[in-house]
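**Q** Can you keep this structure in mind? I'll have questions shortly.
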Amino acid sequence: MTTALVIIDVQNDFCPGGALAVPGGDEIVPGINILMNNFKDIILTQDWHPAAHSSFASSHPGKAPFDMVEMAYGPQVLWPDHCVQGSRGAAFHDGLDTARAGLIIRKGMSLKIDSYSAFFENDRTTATGLDGYLQTRGITALVMVGLATDFCVQFSALDAARLGYAVTVRRDLCRAIDLDGSRAAAEAAMSAAGVMLE
């Protein structure tokens, strides 16, 4: 079994001081750098939104961050403006050793569709290309770390399991937004899908 490490959205805007800070988001960086020593195949994902993205509350007059709206593809949480292409907030955390990554998957680039998963945009059909990359390298198992447990990590892990990968999520190297208990719900969903939680 060939295993790759997938490091999800360890970006400035998701760390303390960022536009959509995940509590303790920066605390996982040293541990992720150490974990990289165990892997030959390392993949980074990066939220990479155009300005005025449809998932931003600022794009919906009268709406506030964390309100829900209905998009063509289903329910969508509205977020503060974050990870705008080319911005400091969209950059990887300075402490993350990005030089070892063989691939960076940028997601959320379509103006009208958000993207949590490393595999698909939120319409659940538009692929990022990650599955094909993994298949051409004979990778059958994934270890996932990063931000945030209850959104991008969860969606990535569930898609990976559905696509047939053996998936492990390192809870010690993830942090959650935890909206109204969403971390516990995410972990339950991942476990039910066969994702190993360590």
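Residues in the structure tokens are named by chain (A, B, ... in the order shown) and by number from 1 within that chain; ligands are numbered from 1 in the order shown.
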Please, which residues of segment 112-183 of chain A, numbered as in this document, come out strand (DSSP E or B) from DSSP, as a PyMOL selection string?
**A** chain A and resi 120+127+139-147+166-175
**Q** Include all heavy atoms and write out the residues we just selected as a compact mmCIF listing (two decimals), in the first residue's frame.
**A**
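Result saved to part_19.txt:
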# COMPACT_ATOMS: atom_id res chain seq x y z
N PHE A 120 -13.25 17.44 -5.00
CA PHE A 120 -14.37 17.98 -5.77
C PHE A 120 -14.79 19.34 -5.23
O PHE A 120 -14.70 19.60 -4.03
CB PHE A 120 -15.60 17.06 -5.69
CG PHE A 120 -15.40 15.71 -6.30
CD1 PHE A 120 -15.08 14.62 -5.52
CD2 PHE A 120 -15.51 15.53 -7.68
CE1 PHE A 120 -14.88 13.36 -6.07
CE2 PHE A 120 -15.32 14.28 -8.25
CZ PHE A 120 -15.00 13.19 -7.44
N ALA A 127 -14.23 18.07 -10.64
CA ALA A 127 -13.07 17.45 -10.01
C ALA A 127 -11.87 18.40 -9.99
O ALA A 127 -11.70 19.23 -10.89
CB ALA A 127 -12.70 16.17 -10.74
N ILE A 139 -0.99 5.39 -5.69
CA ILE A 139 -1.24 5.69 -4.27
C ILE A 139 -2.64 5.19 -3.90
O ILE A 139 -3.62 5.53 -4.55
CB ILE A 139 -1.10 7.20 -4.01
CG1 ILE A 139 0.37 7.60 -4.19
CG2 ILE A 139 -1.59 7.56 -2.60
CD1 ILE A 139 0.60 9.09 -4.29
N THR A 140 -2.71 4.38 -2.85
CA THR A 140 -3.97 3.77 -2.44
C THR A 140 -4.41 4.17 -1.04
O THR A 140 -5.52 3.84 -0.63
CB THR A 140 -3.86 2.24 -2.50
OG1 THR A 140 -2.74 1.81 -1.70
CG2 THR A 140 -3.67 1.77 -3.93
N ALA A 141 -3.55 4.84 -0.30
CA ALA A 141 -3.88 5.24 1.07
C ALA A 141 -3.44 6.68 1.31
O ALA A 141 -2.45 7.14 0.74
CB ALA A 141 -3.20 4.32 2.08
N LEU A 142 -4.21 7.39 2.14
CA LEU A 142 -3.95 8.79 2.42
C LEU A 142 -3.97 9.05 3.91
O LEU A 142 -4.83 8.53 4.62
CB LEU A 142 -5.01 9.67 1.75
CG LEU A 142 -5.17 9.53 0.23
CD1 LEU A 142 -6.39 10.32 -0.24
CD2 LEU A 142 -3.92 9.98 -0.49
N VAL A 143 -3.04 9.87 4.36
CA VAL A 143 -3.08 10.43 5.71
C VAL A 143 -3.36 11.91 5.54
O VAL A 143 -2.68 12.60 4.77
CB VAL A 143 -1.75 10.21 6.46
CG1 VAL A 143 -1.76 10.94 7.80
CG2 VAL A 143 -1.51 8.71 6.67
N MET A 144 -4.39 12.40 6.26
CA MET A 144 -4.81 13.80 6.12
C MET A 144 -4.62 14.56 7.42
O MET A 144 -4.93 14.05 8.51
CB MET A 144 -6.27 13.88 5.68
CG MET A 144 -6.51 13.31 4.30
SD MET A 144 -8.20 13.61 3.72
CE MET A 144 -8.05 13.08 2.02
N VAL A 145 -4.12 15.79 7.27
CA VAL A 145 -3.94 16.71 8.39
C VAL A 145 -4.34 18.09 7.91
O VAL A 145 -4.45 18.34 6.70
CB VAL A 145 -2.47 16.72 8.88
CG1 VAL A 145 -2.05 15.35 9.38
CG2 VAL A 145 -1.52 17.18 7.76
N GLY A 146 -4.56 19.03 8.84
CA GLY A 146 -4.77 20.42 8.43
C GLY A 146 -6.03 21.05 8.95
O GLY A 146 -6.54 20.70 10.02
N LEU A 147 -6.56 22.00 8.18
CA LEU A 147 -7.64 22.89 8.61
C LEU A 147 -8.78 22.91 7.59
O LEU A 147 -8.51 22.92 6.39
CB LEU A 147 -7.08 24.31 8.78
CG LEU A 147 -5.86 24.42 9.70
CD1 LEU A 147 -5.24 25.82 9.62
CD2 LEU A 147 -6.22 24.09 11.14
N ALA A 166 -7.87 4.14 1.34
CA ALA A 166 -7.80 3.94 2.79
C ALA A 166 -7.38 5.27 3.39
O ALA A 166 -6.33 5.82 3.03
CB ALA A 166 -6.79 2.85 3.13
N VAL A 167 -8.18 5.82 4.30
CA VAL A 167 -7.97 7.19 4.77
C VAL A 167 -7.78 7.21 6.29
O VAL A 167 -8.57 6.61 7.03
CB VAL A 167 -9.17 8.11 4.41
CG1 VAL A 167 -8.84 9.55 4.77
CG2 VAL A 167 -9.53 7.99 2.94
N THR A 168 -6.75 7.92 6.71
CA THR A 168 -6.52 8.18 8.13
C THR A 168 -6.47 9.68 8.34
O THR A 168 -5.78 10.39 7.58
CB THR A 168 -5.18 7.56 8.59
OG1 THR A 168 -5.21 6.15 8.38
CG2 THR A 168 -4.93 7.86 10.06
N VAL A 169 -7.19 10.17 9.33
CA VAL A 169 -7.13 11.58 9.72
C VAL A 169 -6.44 11.66 11.08
O VAL A 169 -6.88 11.03 12.04
CB VAL A 169 -8.54 12.22 9.77
CG1 VAL A 169 -8.48 13.60 10.42
CG2 VAL A 169 -9.13 12.32 8.37
N ARG A 170 -5.36 12.42 11.13
CA ARG A 170 -4.63 12.63 12.38
C ARG A 170 -5.27 13.79 13.14
O ARG A 170 -5.02 14.96 12.84
CB ARG A 170 -3.16 12.93 12.06
CG ARG A 170 -2.36 11.71 11.64
CD ARG A 170 -1.93 10.87 12.83
NE ARG A 170 -1.18 11.66 13.79
CZ ARG A 170 0.17 11.75 13.79
NH1 ARG A 170 0.88 11.10 12.88
NH2 ARG A 170 0.79 12.50 14.70
N ARG A 171 -6.09 13.45 14.11
CA ARG A 171 -6.82 14.49 14.85
C ARG A 171 -5.88 15.44 15.58
O ARG A 171 -6.22 16.62 15.77
CB ARG A 171 -7.80 13.84 15.83
CG ARG A 171 -9.01 13.26 15.15
CD ARG A 171 -10.03 12.74 16.13
NE ARG A 171 -9.58 11.49 16.75
CZ ARG A 171 -10.33 10.73 17.51
NH1 ARG A 171 -11.57 11.08 17.78
NH2 ARG A 171 -9.88 9.61 18.02
N ASP A 172 -4.72 14.94 16.00
CA ASP A 172 -3.77 15.80 16.72
C ASP A 172 -3.15 16.86 15.83
O ASP A 172 -2.64 17.87 16.32
CB ASP A 172 -2.68 14.96 17.39
CG ASP A 172 -1.87 14.14 16.38
OD1 ASP A 172 -2.46 13.64 15.40
OD2 ASP A 172 -0.64 13.98 16.58
N LEU A 173 -3.22 16.63 14.51
CA LEU A 173 -2.65 17.58 13.56
C LEU A 173 -3.73 18.24 12.71
O LEU A 173 -3.50 18.63 11.57
CB LEU A 173 -1.61 16.87 12.69
CG LEU A 173 -0.37 16.36 13.44
CD1 LEU A 173 0.56 15.62 12.51
CD2 LEU A 173 0.36 17.49 14.16
N CYS A 174 -4.92 18.34 13.28
CA CYS A 174 -6.03 19.09 12.70
C CYS A 174 -6.60 20.01 13.77
O CYS A 174 -6.43 19.75 14.97
CB CYS A 174 -7.16 18.15 12.23
SG CYS A 174 -6.72 17.01 10.91
N ARG A 175 -7.28 21.04 13.36
CA ARG A 175 -8.05 21.89 14.27
C ARG A 175 -9.39 22.19 13.61
O ARG A 175 -9.50 22.18 12.38
CB ARG A 175 -7.31 23.19 14.59
CG ARG A 175 -6.04 23.02 15.39
CD ARG A 175 -6.31 22.52 16.81
NE ARG A 175 -5.10 22.42 17.62
CZ ARG A 175 -4.31 21.34 17.69
NH1 ARG A 175 -4.60 20.26 16.96
NH2 ARG A 175 -3.23 21.33 18.44
**Q** Residues near Ala57 of chain A, anyone? I mean within 6 Å using only C-alpha atoms, not counting same-chain ones fewer than 2 positions away, as JSON, numbers by chain.
**A** {"A": [59, 60, 63, 64, 65, 78, 79, 80]}
**Q** Among chain A, which residues does DSSP mark as helix (DSSP H, G or I) when it is run on the backbone? Keep the chain and numbering as in the structure and answer as number ranges by chain.
**A** A: 12-14, 25-38, 57-59, 98-100, 130-136, 149-162, 179-192
**Q** Counting only C-alpha atoms, which residues of segment 82-144 of chain A sit at most 8 Å from some atom of segment 5-29 of chain A, and what is each one's closest atom pair with its distance in Å to one decimal, listed by chain and rising residue number, as JSON lines?
**A**
{"residue": "A:His82", "atom": "CA", "partner": "A:Ala19", "partner_atom": "CA", "distance": 5.6}
{"residue": "A:Cys83", "atom": "CA", "partner": "A:Asp13", "partner_atom": "CA", "distance": 6.1}
{"residue": "A:Arg88", "atom": "CA", "partner": "A:Asn12", "partner_atom": "CA", "distance": 7.0}
{"residue": "A:Gly89", "atom": "CA", "partner": "A:Asp13", "partner_atom": "CA", "distance": 4.5}
{"residue": "A:Ala90", "atom": "CA", "partner": "A:Gln11", "partner_atom": "CA", "distance": 5.9}
{"residue": "A:Ala91", "atom": "CA", "partner": "A:Gln11", "partner_atom": "CA", "distance": 5.5}
{"residue": "A:Phe92", "atom": "CA", "partner": "A:Gln11", "partner_atom": "CA", "distance": 4.1}
{"residue": "A:His93", "atom": "CA", "partner": "A:Gln11", "partner_atom": "CA", "distance": 5.0}
{"residue": "A:Gly95", "atom": "CA", "partner": "A:Val29", "partner_atom": "CA", "distance": 6.6}
{"residue": "A:Leu96", "atom": "CA", "partner": "A:Val29", "partner_atom": "CA", "distance": 5.8}
{"residue": "A:Ala118", "atom": "CA", "partner": "A:Ile8", "partner_atom": "CA", "distance": 7.8}
{"residue": "A:Leu142", "atom": "CA", "partner": "A:Leu5", "partner_atom": "CA", "distance": 5.9}
{"residue": "A:Val143", "atom": "CA", "partner": "A:Leu5", "partner_atom": "CA", "distance": 4.9}
{"residue": "A:Met144", "atom": "CA", "partner": "A:Val6", "partner_atom": "CA", "distance": 4.8}
**Q** Output all heavy atoms for every residue in that selection, as an mmCIF file, in the first residue's frame.
**A**
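The resulting file, result-v1.cif, is shown below:
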data_model
loop_
_atom_site.group_PDB
_atom_site.id
_atom_site.type_symbol
_atom_site.label_atom_id
_atom_site.label_comp_id
_atom_site.auth_asym_id
_atom_site.auth_seq_id
_atom_site.Cartn_x
_atom_site.Cartn_y
_atom_site.Cartn_z
ATOM 1 N N HIS A 82 -11.909 35.573 2.560
ATOM 2 C CA HIS A 82 -10.697 34.882 2.996
ATOM 3 C C HIS A 82 -9.992 34.247 1.804
ATOM 4 O O HIS A 82 -10.601 33.959 0.783
ATOM 5 C CB HIS A 82 -11.025 33.803 4.038
ATOM 6 C CG HIS A 82 -11.832 32.660 3.482
ATOM 7 N ND1 HIS A 82 -13.193 32.743 3.274
ATOM 8 C CD2 HIS A 82 -11.465 31.425 3.046
ATOM 9 C CE1 HIS A 82 -13.625 31.601 2.760
ATOM 10 N NE2 HIS A 82 -12.611 30.788 2.604
ATOM 11 N N CYS A 83 -8.693 34.042 1.958
ATOM 12 C CA CYS A 83 -7.868 33.331 0.966
ATOM 13 C C CYS A 83 -8.094 33.848 -0.450
ATOM 14 O O CYS A 83 -8.244 33.072 -1.406
ATOM 15 C CB CYS A 83 -8.120 31.821 1.041
ATOM 16 S SG CYS A 83 -7.633 31.105 2.627
ATOM 17 N N ARG A 88 -1.849 37.893 1.095
ATOM 18 C CA ARG A 88 -1.079 37.350 2.204
ATOM 19 C C ARG A 88 -1.885 36.283 2.951
ATOM 20 O O ARG A 88 -1.352 35.265 3.392
ATOM 21 C CB ARG A 88 -0.696 38.494 3.151
ATOM 22 C CG ARG A 88 -0.080 38.068 4.470
ATOM 23 C CD ARG A 88 1.322 37.560 4.310
ATOM 24 N NE ARG A 88 1.869 37.135 5.594
ATOM 25 C CZ ARG A 88 2.844 36.240 5.721
ATOM 26 N NH1 ARG A 88 3.365 35.672 4.655
ATOM 27 N NH2 ARG A 88 3.292 35.926 6.919
ATOM 28 N N GLY A 89 -3.179 36.500 3.069
ATOM 29 C CA GLY A 89 -4.026 35.544 3.765
ATOM 30 C C GLY A 89 -4.100 34.201 3.072
ATOM 31 O O GLY A 89 -4.270 33.161 3.712
ATOM 32 N N ALA A 90 -3.979 34.195 1.748
ATOM 33 C CA ALA A 90 -4.050 32.946 0.986
ATOM 34 C C ALA A 90 -2.738 32.166 1.016
ATOM 35 O O ALA A 90 -2.718 30.978 0.690
ATOM 36 C CB ALA A 90 -4.427 33.238 -0.460
ATOM 37 N N ALA A 91 -1.657 32.814 1.421
ATOM 38 C CA ALA A 91 -0.348 32.149 1.440
ATOM 39 C C ALA A 91 -0.300 31.080 2.522
ATOM 40 O O ALA A 91 -0.998 31.165 3.547
ATOM 41 C CB ALA A 91 0.752 33.181 1.670
ATOM 42 N N PHE A 92 0.531 30.093 2.310
ATOM 43 C CA PHE A 92 0.729 29.078 3.342
ATOM 44 C C PHE A 92 1.382 29.717 4.565
ATOM 45 O O PHE A 92 2.130 30.689 4.458
ATOM 46 C CB PHE A 92 1.618 27.949 2.817
ATOM 47 C CG PHE A 92 0.966 27.115 1.754
ATOM 48 C CD1 PHE A 92 1.422 27.140 0.449
ATOM 49 C CD2 PHE A 92 -0.117 26.299 2.053
ATOM 50 C CE1 PHE A 92 0.824 26.369 -0.545
ATOM 51 C CE2 PHE A 92 -0.732 25.530 1.071
ATOM 52 C CZ PHE A 92 -0.264 25.568 -0.225
ATOM 53 N N HIS A 93 1.116 29.135 5.732
ATOM 54 C CA HIS A 93 1.746 29.590 6.967
ATOM 55 C C HIS A 93 3.265 29.580 6.783
ATOM 56 O O HIS A 93 3.835 28.637 6.226
ATOM 57 C CB HIS A 93 1.332 28.666 8.120
ATOM 58 C CG HIS A 93 1.803 29.127 9.452
ATOM 59 N ND1 HIS A 93 3.092 28.919 9.912
ATOM 60 C CD2 HIS A 93 1.146 29.778 10.451
ATOM 61 C CE1 HIS A 93 3.209 29.428 11.132
ATOM 62 N NE2 HIS A 93 2.057 29.955 11.477
ATOM 63 N N GLY A 95 5.665 28.997 8.639
ATOM 64 C CA GLY A 95 6.415 27.908 9.262
ATOM 65 C C GLY A 95 6.257 26.573 8.570
ATOM 66 O O GLY A 95 6.983 25.616 8.884
ATOM 67 N N LEU A 96 5.324 26.457 7.626
ATOM 68 C CA LEU A 96 5.081 25.178 6.957
ATOM 69 C C LEU A 96 6.150 24.921 5.900
ATOM 70 O O LEU A 96 6.442 25.782 5.068
ATOM 71 C CB LEU A 96 3.695 25.194 6.300
ATOM 72 C CG LEU A 96 3.239 23.868 5.681
ATOM 73 C CD1 LEU A 96 2.968 22.838 6.764
ATOM 74 C CD2 LEU A 96 1.995 24.080 4.828
ATOM 75 N N ALA A 118 -10.584 18.324 -1.233
ATOM 76 C CA ALA A 118 -9.406 18.279 -2.098
ATOM 77 C C ALA A 118 -9.700 17.591 -3.421
ATOM 78 O O ALA A 118 -8.909 17.696 -4.365
ATOM 79 C CB ALA A 118 -8.281 17.531 -1.378
ATOM 80 N N LEU A 142 -4.206 7.385 2.137
ATOM 81 C CA LEU A 142 -3.950 8.794 2.417
ATOM 82 C C LEU A 142 -3.972 9.055 3.909
ATOM 83 O O LEU A 142 -4.832 8.532 4.624
ATOM 84 C CB LEU A 142 -5.015 9.669 1.745
ATOM 85 C CG LEU A 142 -5.175 9.526 0.233
ATOM 86 C CD1 LEU A 142 -6.385 10.318 -0.240
ATOM 87 C CD2 LEU A 142 -3.916 9.978 -0.492
ATOM 88 N N VAL A 143 -3.041 9.868 4.362
ATOM 89 C CA VAL A 143 -3.077 10.432 5.707
ATOM 90 C C VAL A 143 -3.361 11.915 5.544
ATOM 91 O O VAL A 143 -2.678 12.604 4.773
ATOM 92 C CB VAL A 143 -1.751 10.206 6.460
ATOM 93 C CG1 VAL A 143 -1.760 10.941 7.800
ATOM 94 C CG2 VAL A 143 -1.507 8.711 6.668
ATOM 95 N N MET A 144 -4.390 12.400 6.259
ATOM 96 C CA MET A 144 -4.807 13.796 6.115
ATOM 97 C C MET A 144 -4.618 14.557 7.418
ATOM 98 O O MET A 144 -4.926 14.051 8.508
ATOM 99 C CB MET A 144 -6.269 13.878 5.683
ATOM 100 C CG MET A 144 -6.510 13.314 4.300
ATOM 101 S SD MET A 144 -8.201 13.614 3.721
ATOM 102 C CE MET A 144 -8.048 13.082 2.018
#
**Q** Please provide as a list in words all residues within 6 Å of Gly108 of chain A, with the sequence filter that same-chain residues fewer than 2 positions apart are discarded (counting only C-alpha atoms).
**A**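 The residues that qualify are Asp47, Trp48, His49, Ser110, Asp114 and Ser115 of chain A.
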**Q** Counting only C-alpha atoms, which residue out of A:Cys152, A:Ala188, A:Met196, A:Leu103 sits closest to Tyr165 of chain A?
**A**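 The shortest atom-to-atom distance to Tyr165 of chain A comes from A:Met196.
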**Q** By how many Å are atom CA of Asp81 of chain A and atom CA of Asn122 of chain A apart?
**A**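 Result for atom CA of Asp81 of chain A versus atom CA of Asn122 of chain A: 17.6 Å, one decimal.
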**Q** Quick one, how far is atom CA of Ala161 of chain A from atom CA of Lys40 of chain A?
**A**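 Here the two named atoms are 21.1 Å from each other.
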**Q** Which neighbours of Gly164 of chain A fall inside 12 Å, counting only C-alpha atoms, when residues of the same chain fewer than 4 positions from it are skipped, and could you give them as a compact mmCIF listing (two decimals) with C-alpha atoms, in the first residue's frame?
**A**
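part15.txt, written as the output of this step:
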# COMPACT_ATOMS: atom_id res chain seq x y z
CA ASP A 131 -7.80 11.54 -7.87
CA LEU A 134 -2.94 9.72 -7.07
CA GLN A 135 -3.99 6.94 -9.42
CA ILE A 139 -1.24 5.69 -4.27
CA THR A 140 -3.97 3.77 -2.44
CA ALA A 141 -3.88 5.24 1.07
CA LEU A 142 -3.95 8.79 2.42
CA ALA A 157 -11.68 12.49 3.85
CA LEU A 158 -15.24 11.50 2.94
CA ASP A 159 -14.57 11.92 -0.78
CA ALA A 160 -11.33 9.95 -0.52
CA ALA A 193 -17.56 6.24 6.34
CA GLY A 194 -14.63 4.06 7.38
CA VAL A 195 -12.09 6.84 7.91
**Q** Using only C-alpha atoms, which of the listed residues (A:Arg137, A:Arg124, A:His53, A:Arg100) sits closest to Ile32 of chain A?
**A**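 Of A:Arg137, A:Arg124, A:His53, A:Arg100, the one nearest Ile32 of chain A is A:Arg100, counting only C-alpha atoms.
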**Q** Taking only C-alpha atoms into account, name the residue in A:Val153, A:Leu163, A:Met71, A:Ala185 that is nearest to Gly132 of chain A.
**A**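 Once distances to Gly132 of chain A are computed over only C-alpha atoms, the minimum belongs to A:Leu163.
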**Q** Would you work out the distance separating atom CA of Thr126 of chain A from atom CA of Ala148 of chain A, expressed in Å to one decimal?
**A**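 So the answer is 21.2 Å.
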